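Participant: First the structure, which I've put down as structure tokens, then a few questions once you've had a look.
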Amino acid sequence: MFKYTFVYKCILEMETTIRIKPGTKAELDHFRQYRSESYDELVRKLIYLAKMCEKEPKLSQKTMLEIKEARERIKKGEFYNEEEAKKILGL
């Protein structure tokens, strides 16, 4: 039984509704990088990654690992904000 409904906007601001199971929603939520990330952004990101995996499978595996590692560093607070990065780069 479907419990959650998501509304997606396209370029022309038209919307469509899709139904997904609660377990699918929970898995999608796991991929969110920040709490306010929209499901449209999330789905677009996943589509991009899927296309990249089709085009360059070996590169994609490396990229996916790098993304996972970066997300773990961000969760631990191990990153530079824009101001810190500019200082390090001498900008």
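Each chain in the structure tokens gets a letter, A, B, ..., in the order shown, and its residues are numbered from 1; ligands are numbered from 1 in order too.
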Mind checking DSSP for chain A and telling me the helix (DSSP H, G or I) residues as a count of residues only?
Facilitator: 55
Participant: Return as a PDB file with C-alpha atoms, in the first residue's frame the full set of residues in chain A whose backbone-based DSSP assignment is strand (DSSP E or B).
Facilitator:
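Saved file states31.pdb follows:
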```pdb
ATOM      1  CA  TYR A   4       3.535   8.887   0.691  1.00  0.00           C
ATOM      2  CA  THR A   5       2.909  11.100  -2.297  1.00  0.00           C
ATOM      3  CA  PHE A   6       5.510  13.408  -3.797  1.00  0.00           C
ATOM      4  CA  VAL A   7       4.877  16.286  -6.134  1.00  0.00           C
ATOM      5  CA  TYR A   8       7.561  17.077  -8.701  1.00  0.00           C
ATOM      6  CA  LYS A   9       7.876  20.321 -10.653  1.00  0.00           C
ATOM      7  CA  GLU A  15       3.516  19.266 -11.336  1.00  0.00           C
ATOM      8  CA  THR A  16       2.957  15.557 -11.279  1.00  0.00           C
ATOM      9  CA  THR A  17       2.342  13.194  -8.419  1.00  0.00           C
ATOM     10  CA  ILE A  18       3.944   9.811  -7.887  1.00  0.00           C
ATOM     11  CA  ARG A  19       3.199   7.295  -5.171  1.00  0.00           C
ATOM     12  CA  ILE A  20       5.931   5.397  -3.361  1.00  0.00           C
TER      13      ILE A  20
END
```
Participant: Which of these, A:Leu46, A:Leu59, A:Ile88, A:Met14, has the shortest distance to Leu28 (chain A) once you count only C-alpha atoms?
Facilitator: A:Leu46
Participant: Quote the spacing between CA of Ala70 (chain A) and CA of Glu84 (chain A) in Å to one decimal place.
Facilitator: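 A separation of 17.4 Å between them.
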Participant: Dump as JSON lines the rows for residues of region 34-70 of chain A within 12 Å of region 23-27 of chain A: closest atom pair and distance in Å with one decimal, only C-alpha atoms counted, ordered by chain and rising residue number.
Facilitator:
```
{"residue": "A:Tyr39", "atom": "CA", "partner": "A:Lys25", "partner_atom": "CA", "distance": 9.6}
{"residue": "A:Leu42", "atom": "CA", "partner": "A:Glu27", "partner_atom": "CA", "distance": 11.3}
{"residue": "A:Val43", "atom": "CA", "partner": "A:Lys25", "partner_atom": "CA", "distance": 11.4}
{"residue": "A:Leu46", "atom": "CA", "partner": "A:Glu27", "partner_atom": "CA", "distance": 12.0}
```
Participant: Could you please take those selected residues and save C-alpha atoms as an mmCIF file, in the first residue's frame?
Facilitator:
```
data_model
loop_
_atom_site.group_PDB
_atom_site.id
_atom_site.type_symbol
_atom_site.label_atom_id
_atom_site.label_comp_id
_atom_site.auth_asym_id
_atom_site.auth_seq_id
_atom_site.Cartn_x
_atom_site.Cartn_y
_atom_site.Cartn_z
ATOM 1 C CA TYR A 39 12.766 15.234 -3.414
ATOM 2 C CA LEU A 42 17.280 14.139 -4.769
ATOM 3 C CA VAL A 43 15.678 12.297 -7.676
ATOM 4 C CA LEU A 46 20.071 9.896 -8.433
#
```
Participant: Name the residues in contact with Met64 (chain A) at a cut-off of 12 Å, using only C-alpha atoms, excluding same-chain residues fewer than 5 positions from it; report them as a PyMOL selection string.
Facilitator: chain A and resi 45-46+48-50+52-53+56-59+69-71
